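Asker: Handing over target_6.cif, mmCIF, C-alpha atoms.
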```cif
data_run
#
loop_
_atom_site.label_atom_id
_atom_site.label_comp_id
_atom_site.auth_asym_id
_atom_site.auth_seq_id
_atom_site.Cartn_x
_atom_site.Cartn_y
_atom_site.Cartn_z
CA MET A 16 125.30 33.86 -99.98
CA GLU A 17 121.60 34.22 -99.77
CA LEU A 18 119.84 31.35 -98.11
CA VAL A 19 116.63 30.21 -99.71
CA GLN A 20 114.17 28.55 -97.36
CA THR A 21 112.37 25.67 -98.94
CA ASP A 22 109.24 23.94 -97.75
CA PRO A 23 109.80 20.70 -95.83
CA PRO A 24 109.26 17.50 -97.83
CA LEU A 25 105.79 16.07 -97.75
CA GLN A 26 105.42 13.14 -95.38
CA THR A 27 103.76 10.00 -96.61
CA ALA A 28 100.39 9.53 -94.96
CA ASN A 29 99.82 6.29 -93.09
CA HIS A 30 96.06 6.27 -93.87
CA HIS A 31 94.91 4.40 -96.94
CA THR A 32 92.29 6.05 -99.08
CA ARG A 33 89.01 4.07 -99.21
CA SER A 34 87.77 3.24 -102.68
CA PRO A 35 84.06 3.57 -103.42
CA PRO A 36 82.07 0.33 -102.91
CA THR A 37 81.62 -1.82 -105.97
CA MET A 38 78.41 -3.49 -107.09
CA SER A 39 79.70 -6.91 -106.03
CA SER A 40 80.43 -5.77 -102.48
CA VAL A 41 77.02 -4.10 -102.20
CA SER A 42 75.33 -7.27 -103.46
CA LEU A 43 77.27 -9.41 -101.00
CA GLN A 44 76.31 -7.14 -98.12
CA SER A 45 72.67 -7.26 -99.19
CA LEU A 46 72.74 -11.04 -99.32
CA LEU A 47 74.30 -11.25 -95.88
CA ILE A 48 71.69 -8.90 -94.42
CA ALA A 49 68.84 -10.82 -96.08
CA GLY A 50 70.24 -14.11 -94.82
CA ALA A 51 70.47 -12.75 -91.29
CA CYS A 52 66.85 -11.58 -91.48
CA LEU A 53 65.67 -14.97 -92.71
CA ALA A 54 67.65 -16.76 -90.02
CA SER A 55 66.17 -14.56 -87.32
CA SER A 56 62.63 -15.20 -88.63
CA VAL A 57 62.99 -18.96 -88.07
CA SER A 58 62.10 -20.01 -84.57
CA ALA A 59 65.08 -22.18 -83.65
CA LEU A 60 64.45 -24.75 -80.94
CA ASN A 61 66.82 -26.27 -78.42
CA ALA A 62 68.60 -29.13 -80.19
CA GLN A 63 67.99 -31.37 -77.17
CA LEU A 64 64.24 -31.32 -77.90
CA VAL A 65 64.51 -32.34 -81.54
CA GLY A 66 63.18 -35.82 -82.24
CA THR A 67 60.19 -38.07 -81.59
CA TRP A 68 59.43 -38.82 -77.94
CA SER A 69 57.11 -41.48 -76.58
CA THR A 70 56.02 -42.82 -73.20
CA LYS A 71 57.45 -46.07 -71.90
CA SER A 72 55.28 -48.47 -73.92
CA ALA A 73 56.46 -46.78 -77.16
CA LYS A 74 53.22 -47.91 -78.81
CA VAL A 75 51.94 -44.37 -79.39
CA LEU A 76 54.11 -42.50 -81.90
CA THR A 77 53.48 -39.41 -83.98
CA GLY A 78 53.29 -39.74 -87.74
CA SER A 79 51.19 -41.68 -90.23
CA GLY A 80 50.98 -44.69 -87.89
CA PHE A 81 48.69 -42.77 -85.54
CA TYR A 82 46.65 -40.43 -87.74
CA ASN A 83 45.97 -40.86 -91.46
CA PRO A 84 45.23 -37.44 -93.01
CA VAL A 85 44.13 -38.97 -96.33
CA ASN A 86 41.41 -41.19 -94.85
CA ASP A 87 40.96 -38.68 -92.01
CA SER A 88 41.04 -41.47 -89.48
CA PHE A 89 42.96 -42.71 -86.44
CA ILE A 90 44.92 -45.95 -86.20
CA GLU A 91 44.36 -47.35 -82.73
CA PRO A 92 47.61 -48.34 -80.97
CA LYS A 93 47.89 -51.52 -78.91
CA HIS A 94 48.45 -49.57 -75.67
CA THR A 95 47.68 -46.10 -74.37
CA GLY A 96 50.39 -43.47 -74.30
CA ILE A 97 51.61 -40.03 -75.35
CA SER A 98 54.02 -38.91 -78.05
CA TYR A 99 55.50 -35.55 -79.03
CA SER A 100 57.78 -34.65 -81.92
CA PHE A 101 59.79 -31.46 -82.34
CA THR A 102 61.80 -30.08 -85.26
CA ALA A 103 64.76 -27.74 -85.10
CA ASP A 104 62.92 -25.04 -87.06
CA GLY A 105 60.02 -24.76 -84.62
CA PHE A 106 57.32 -27.29 -85.49
CA TYR A 107 55.69 -29.93 -83.32
CA GLU A 108 53.21 -32.79 -83.44
CA SER A 109 51.39 -34.52 -80.59
CA ALA A 110 49.56 -37.84 -80.30
CA TYR A 111 47.46 -38.78 -77.28
CA TYR A 112 45.72 -42.10 -76.59
CA ARG A 113 44.23 -42.23 -73.11
CA ALA A 114 41.71 -44.26 -71.18
CA ILE A 115 38.80 -42.45 -69.50
CA ALA A 116 37.57 -43.78 -66.17
CA ASN A 117 33.87 -44.54 -65.83
CA PRO A 118 32.86 -44.16 -62.15
CA ALA A 119 29.35 -45.42 -62.89
CA ASP A 120 30.69 -48.63 -64.38
CA PRO A 121 34.42 -49.13 -63.66
CA LYS A 122 34.47 -52.22 -65.90
CA CYS A 123 33.52 -50.11 -68.91
CA PRO A 124 36.08 -47.32 -69.39
CA GLY A 125 36.08 -45.01 -72.38
CA ALA A 126 38.96 -43.93 -74.58
CA ILE A 127 40.09 -40.76 -76.31
CA MET A 128 42.54 -40.16 -79.16
CA GLN A 129 43.86 -36.73 -80.06
CA PHE A 130 46.09 -35.43 -82.84
CA GLN A 131 47.51 -31.92 -83.22
CA HIS A 132 50.41 -30.26 -85.02
CA GLY A 133 51.62 -26.72 -85.45
CA SER A 134 54.38 -24.40 -84.27
CA VAL A 135 56.36 -24.31 -81.03
CA VAL A 136 58.26 -21.40 -79.52
CA GLU A 137 60.71 -21.52 -76.64
CA ASN A 138 60.20 -18.39 -74.55
CA ALA A 139 62.82 -16.40 -72.69
CA ASP A 140 61.76 -17.91 -69.35
CA GLY A 141 62.34 -21.45 -70.65
CA SER A 142 58.67 -22.26 -71.19
CA LEU A 143 57.27 -23.70 -74.43
CA THR A 144 54.24 -22.34 -76.29
CA LEU A 145 52.58 -24.83 -78.64
CA THR A 146 50.14 -23.34 -81.16
CA PRO A 147 48.26 -25.91 -83.28
CA ILE A 148 46.90 -25.52 -86.81
CA SER A 149 43.25 -25.14 -85.84
CA VAL A 150 41.63 -26.94 -88.79
CA ASP A 151 43.91 -29.98 -88.65
CA GLY A 152 43.44 -31.15 -85.06
CA ARG A 153 41.28 -34.26 -84.53
CA GLN A 154 39.69 -36.02 -81.56
CA LEU A 155 37.99 -39.41 -81.35
CA GLN A 156 36.09 -40.20 -78.15
CA SER A 157 34.48 -43.59 -77.59
CA SER A 158 32.55 -45.30 -74.83
CA PRO A 159 31.77 -48.89 -75.91
CA CYS A 160 29.18 -49.49 -73.22
CA ASP A 161 27.16 -46.42 -74.23
CA GLY A 162 26.70 -47.45 -77.86
CA ASP A 163 28.39 -48.54 -81.04
CA HIS A 164 29.17 -45.04 -82.28
CA SER A 165 32.13 -42.81 -81.40
CA THR A 166 32.32 -39.03 -81.46
CA TYR A 167 34.77 -37.71 -84.07
CA THR A 168 35.42 -33.95 -84.07
CA ARG A 169 38.00 -31.29 -84.84
CA TYR A 170 40.24 -30.47 -81.89
CA ASN A 171 42.09 -27.23 -81.26
CA GLN A 172 43.85 -26.67 -77.93
CA SER A 173 46.93 -24.51 -77.49
CA GLU A 174 49.38 -25.69 -74.86
CA LYS A 175 51.97 -24.04 -72.65
CA MET A 176 54.67 -26.05 -70.96
CA GLU A 177 56.00 -24.21 -67.93
CA LYS A 178 59.38 -25.92 -68.29
CA TYR A 179 61.06 -29.04 -69.61
CA ALA A 180 64.09 -31.18 -68.85
CA VAL A 181 66.12 -33.48 -71.10
CA TYR A 182 68.53 -35.89 -69.43
CA THR A 183 69.69 -39.49 -69.24
CA ASP A 184 67.37 -41.56 -67.10
CA PRO A 185 69.47 -43.05 -64.27
CA TYR A 186 67.63 -46.39 -64.40
CA SER A 187 66.88 -47.08 -68.06
CA LYS A 188 69.91 -45.13 -69.37
CA LEU A 189 67.63 -43.75 -72.10
CA THR A 190 67.33 -40.11 -73.07
CA ARG A 191 64.32 -38.81 -71.19
CA LEU A 192 62.06 -35.78 -71.64
CA ASP A 193 60.04 -34.33 -68.77
CA LEU A 194 57.38 -31.78 -69.72
CA TYR A 195 55.55 -29.69 -67.14
CA GLN A 196 52.16 -28.18 -67.92
CA PHE A 197 51.21 -24.53 -67.40
CA ASN A 198 50.33 -25.24 -63.76
CA GLY A 199 53.55 -27.13 -63.07
CA ALA A 200 51.94 -30.58 -63.20
CA PRO A 201 54.28 -33.10 -64.87
CA ILE A 202 53.28 -35.03 -67.98
CA GLN A 203 54.07 -38.71 -68.12
CA PRO A 204 57.82 -39.10 -68.84
CA MET A 205 58.76 -39.68 -72.47
CA TYR A 206 61.86 -41.23 -74.01
CA LEU A 207 63.62 -40.49 -77.28
CA ALA A 208 62.30 -42.88 -79.94
CA PHE A 209 63.54 -41.38 -83.23
CA THR A 210 65.86 -38.69 -84.42
CA PRO A 211 65.23 -37.01 -86.78
CA PRO A 212 61.56 -36.93 -85.80
CA ARG A 213 58.87 -38.95 -87.57
CA MET A 214 56.02 -36.59 -88.34
CA LEU A 215 53.30 -35.76 -90.82
CA PRO A 216 53.74 -32.66 -93.04
CA THR A 217 54.05 -29.50 -90.98
CA ILE A 218 51.77 -27.45 -93.26
CA THR A 219 47.96 -27.27 -93.20
CA MET A 220 46.87 -30.70 -94.45
CA ASN A 221 43.07 -30.30 -94.49
CA PRO A 222 42.16 -26.65 -95.14
CA THR A 223 38.47 -25.84 -95.07
CA THR A 224 36.69 -24.47 -98.14
CA THR A 225 35.90 -20.81 -98.57
CA ALA A 226 32.45 -19.35 -98.12
CA GLY A 227 31.77 -19.70 -101.84
CA GLY A 228 32.60 -23.39 -101.83
CA LYS A 229 35.75 -22.95 -103.89
CA LYS A 230 38.79 -25.04 -103.20
CA ALA A 231 41.49 -23.71 -100.93
CA LYS A 232 44.55 -22.31 -102.66
CA ARG A 233 48.18 -22.74 -101.62
CA THR A 234 49.54 -19.61 -100.00
CA ALA A 235 53.14 -18.48 -99.68
CA GLY A 236 55.24 -15.57 -98.50
CA ALA A 237 53.48 -12.69 -96.76
CA GLU A 238 50.04 -14.13 -97.53
CA ALA A 239 51.04 -17.37 -95.87
CA GLU A 240 52.01 -15.56 -92.69
CA ALA A 241 48.74 -13.63 -92.67
CA GLU A 242 46.58 -16.68 -93.36
CA GLY A 243 48.33 -19.07 -91.00
CA GLY A 244 50.95 -20.80 -93.15
CA HIS A 245 51.13 -22.96 -96.23
CA GLU A 246 48.33 -25.22 -97.37
CA TYR A 247 47.74 -28.03 -99.81
CA ASP A 248 45.74 -27.13 -102.93
CA VAL A 249 42.91 -29.35 -101.69
CA PRO A 250 42.53 -31.18 -98.37
CA LEU A 251 44.26 -34.53 -98.12
CA ASN A 252 41.00 -35.99 -96.80
CA LYS A 253 38.94 -34.91 -99.82
CA ASP A 254 38.19 -38.56 -100.72
CA ALA A 255 37.50 -39.78 -97.19
CA ILE A 256 34.18 -41.63 -97.04
CA HIS A 257 32.75 -39.64 -94.14
CA MET A 258 33.70 -36.24 -95.59
CA LYS A 259 31.25 -34.32 -97.80
CA ARG A 260 32.76 -31.31 -99.51
CA ASP A 261 31.80 -29.06 -102.41
CA PHE A 262 34.89 -28.81 -104.59
CA GLU A 263 35.06 -27.57 -108.14
CA GLN A 264 36.09 -30.51 -110.30
CA PRO A 265 37.17 -30.57 -113.95
CA LEU A 266 34.36 -31.15 -116.44
CA LEU A 267 35.76 -34.59 -117.30
CA HIS A 268 35.36 -35.68 -113.67
CA ARG A 269 31.81 -34.32 -113.45
CA VAL A 270 30.58 -36.20 -116.54
CA ASP A 271 29.39 -39.80 -116.12
CA LEU A 272 31.37 -41.54 -118.84
CA ASN A 273 29.24 -44.70 -118.57
CA MET A 274 26.14 -42.66 -119.27
CA VAL A 275 27.81 -41.09 -122.30
CA TRP A 276 28.75 -44.51 -123.65
CA TRP A 277 25.29 -46.00 -123.22
CA THR A 278 23.71 -42.90 -124.74
CA GLY A 279 25.92 -43.37 -127.78
CA VAL A 280 24.94 -47.04 -128.05
CA GLY A 281 21.24 -46.14 -127.77
CA MET A 282 21.49 -43.46 -130.43
CA THR A 283 23.33 -45.84 -132.76
CA LEU A 284 20.62 -48.50 -132.37
CA PHE A 285 17.87 -45.93 -132.81
CA GLY A 286 19.53 -44.60 -135.94
CA GLY A 287 19.91 -48.11 -137.38
CA VAL A 288 16.25 -48.93 -136.77
CA ALA A 289 15.13 -45.60 -138.27
CA TYR A 290 17.30 -46.23 -141.35
CA LEU A 291 15.77 -49.70 -141.91
CA LEU A 292 12.26 -48.32 -141.61
#
```
If you convert what's in this file into structure tokens, what do you get?

Answerer:
Amino acid sequence: MELVQTDPPLQTANHHTRSPPTMSSVSLQSLLIAGACLASSVSALNAQLVGTWSTKSAKVLTGSGFYNPVNDSFIEPKHTGISYSFTADGFYESAYYRAIANPADPKCPGAIMQFQHGSVVENADGSLTLTPISVDGRQLQSSPCDGDHSTYTRYNQSEKMEKYAVYTDPYSKLTRLDLYQFNGAPIQPMYLAFTPPRMLPTITMNPTTTAGGKKAKRTAGAEAEAEGGHEYDVPLNKDAIHMKRDFEQPLLHRVDLNMVWWTGVGMTLFGGVAYLL
């Protein structure tokens, strides 16, 4: 009998064949990648810092109770102090109200109020870099014995905190924040007053006009990053008494309606008299 050699049976492969990616899987992957990019672009801050902090008197607090961006004016607290607010997505606001010693006349000290807000970044070495919105910062300096007028100016001062510490104060049992300036000097201790923080809008509130006198436009996306962030269409302080700006207004707002009315009355009377004559 002649033996016929046959090929061995095929063995089933253990590897599964990979099907080509579908449109839904590609879209999901794209969304995940885009979400990761957006998340990485947000400057997340240590959750322990988030909130509104104030010195022991708790009379100086960030927000509309310290600086009014519509009237472009300060609201003087009852006592001096310092307040900082931080958000989880990397924004801050600061409020300072301090007395200024007068060596020439110790009975007549001056005072200074400062407001700033902008972005904050926690660096790899644990330090904090605070970058204010340059056109929004304000400073009011007064010396009652030198005259009745105070000096009101824009204020723009970046800050770097060498380090910070958040812990429970052993005496007051309150949550305490210690900030240390760039040279290691400590700032007056602050205590947690509010969480979430109480702050003014984190965008540019009072943008300056362009060279041509046209109103500032709201920016977004890549333009916003290049121009320093989002802005209101017009400054919030556009109607403040001490501000003089050249904004383009609608024709209806530029026409004196009272003058139009009286002109109509005059022309009616003149027409009536001319008709009788």

Asker: So that I can see what lies close to Pro250 (chain A), please list as a ChimeraX atom specification the residues with an atom at most 8 Å from it, counting all atoms listed in the file and leaving out residues fewer than 5 positions away in the same chain.

Answerer: /A:220-223,231

Asker: Which residues, named as in the file, does the PyMOL selection byres ((chain A and resi 105-117) around 9) pick out? Answer as a PyMOL selection string.

Answerer: chain A and resi 57-60+67+75-78+81-82+91-92+94-104+118-137+145-147+158+214-215+217

Asker: Restricting the output to C-alpha atoms, write the selected residues as a compact mmCIF listing (two decimals), keeping the file's coordinate frame.

Answerer:
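Contents of part.txt, as written:
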```txt
# COMPACT_ATOMS: atom_id res chain seq x y z
CA VAL A 57 62.99 -18.96 -88.07
CA SER A 58 62.10 -20.01 -84.57
CA ALA A 59 65.08 -22.18 -83.65
CA LEU A 60 64.45 -24.75 -80.94
CA THR A 67 60.19 -38.07 -81.59
CA VAL A 75 51.94 -44.37 -79.39
CA LEU A 76 54.11 -42.50 -81.90
CA THR A 77 53.48 -39.41 -83.98
CA GLY A 78 53.29 -39.74 -87.74
CA PHE A 81 48.69 -42.77 -85.54
CA TYR A 82 46.65 -40.43 -87.74
CA GLU A 91 44.36 -47.35 -82.73
CA PRO A 92 47.61 -48.34 -80.97
CA HIS A 94 48.45 -49.57 -75.67
CA THR A 95 47.68 -46.10 -74.37
CA GLY A 96 50.39 -43.47 -74.30
CA ILE A 97 51.61 -40.03 -75.35
CA SER A 98 54.02 -38.91 -78.05
CA TYR A 99 55.50 -35.55 -79.03
CA SER A 100 57.78 -34.65 -81.92
CA PHE A 101 59.79 -31.46 -82.34
CA THR A 102 61.80 -30.08 -85.26
CA ALA A 103 64.76 -27.74 -85.10
CA ASP A 104 62.92 -25.04 -87.06
CA PRO A 118 32.86 -44.16 -62.15
CA ALA A 119 29.35 -45.42 -62.89
CA ASP A 120 30.69 -48.63 -64.38
CA PRO A 121 34.42 -49.13 -63.66
CA LYS A 122 34.47 -52.22 -65.90
CA CYS A 123 33.52 -50.11 -68.91
CA PRO A 124 36.08 -47.32 -69.39
CA GLY A 125 36.08 -45.01 -72.38
CA ALA A 126 38.96 -43.93 -74.58
CA ILE A 127 40.09 -40.76 -76.31
CA MET A 128 42.54 -40.16 -79.16
CA GLN A 129 43.86 -36.73 -80.06
CA PHE A 130 46.09 -35.43 -82.84
CA GLN A 131 47.51 -31.92 -83.22
CA HIS A 132 50.41 -30.26 -85.02
CA GLY A 133 51.62 -26.72 -85.45
CA SER A 134 54.38 -24.40 -84.27
CA VAL A 135 56.36 -24.31 -81.03
CA VAL A 136 58.26 -21.40 -79.52
CA GLU A 137 60.71 -21.52 -76.64
CA LEU A 145 52.58 -24.83 -78.64
CA THR A 146 50.14 -23.34 -81.16
CA PRO A 147 48.26 -25.91 -83.28
CA SER A 158 32.55 -45.30 -74.83
CA MET A 214 56.02 -36.59 -88.34
CA LEU A 215 53.30 -35.76 -90.82
CA THR A 217 54.05 -29.50 -90.98
```

Asker: Between CA of Lys71 (chain A) and CA of Leu192 (chain A), what distance in Å does the model show, to one decimal?

Answerer: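 Between these atoms lies a distance of 11.3 Å.
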
Asker: Rank nothing, just name the residue among A:Thr166, A:Trp68, A:Ile90, A:Ala62 nearest to Pro204 (chain A), using all atoms listed in the file.

Answerer: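 Of the candidates, the smallest distance to Pro204 (chain A) is held by A:Trp68.
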
Asker: One number please: CA of Ala180 (chain A) to CA of Leu194 (chain A), in Å, one decimal.

Answerer: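 Straight-line distance from CA of Ala180 (chain A) to CA of Leu194 (chain A) works out to 6.8 Å.
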
Asker: So how many Å separate CA of Ser149 (chain A) and CA of Arg169 (chain A), to one decimal?

Answerer: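 Those two atoms sit 8.1 Å apart.
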
Asker: Considering all atoms listed in the file, can you say which of A:Tyr206, A:Thr168, A:Ala73, A:Tyr290 comes closest to Gly152 (chain A)?

Answerer: A:Thr168

Asker: Of the residues A:Met282, A:Val288, A:Ile202, A:Val181, which is the one nearest to Thr70 (chain A), using only C-alpha atoms?

Answerer: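 Of all the options, A:Ile202 lies closest to Thr70 (chain A).
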
Asker: Box time for region 177-189 of chain A: axis-aligned, enclosing all its listed atoms, 4 Å extra on each side; report centre and edge lengths in Å to one decimal, as AutoDock Vina command-line options.

Answerer:
```
--center_x 63.0 --center_y -35.6 --center_z -68.2 --size_x 21.9 --size_y 30.9 --size_z 15.8
```

Asker: Tell me which of A:Asn252, A:Asn198, A:Ser173, A:Asn138 sits closest to Ser88 (chain A), counting only C-alpha atoms.

Answerer: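 Using only C-alpha atoms, the shortest distance to Ser88 (chain A) belongs to A:Asn252.
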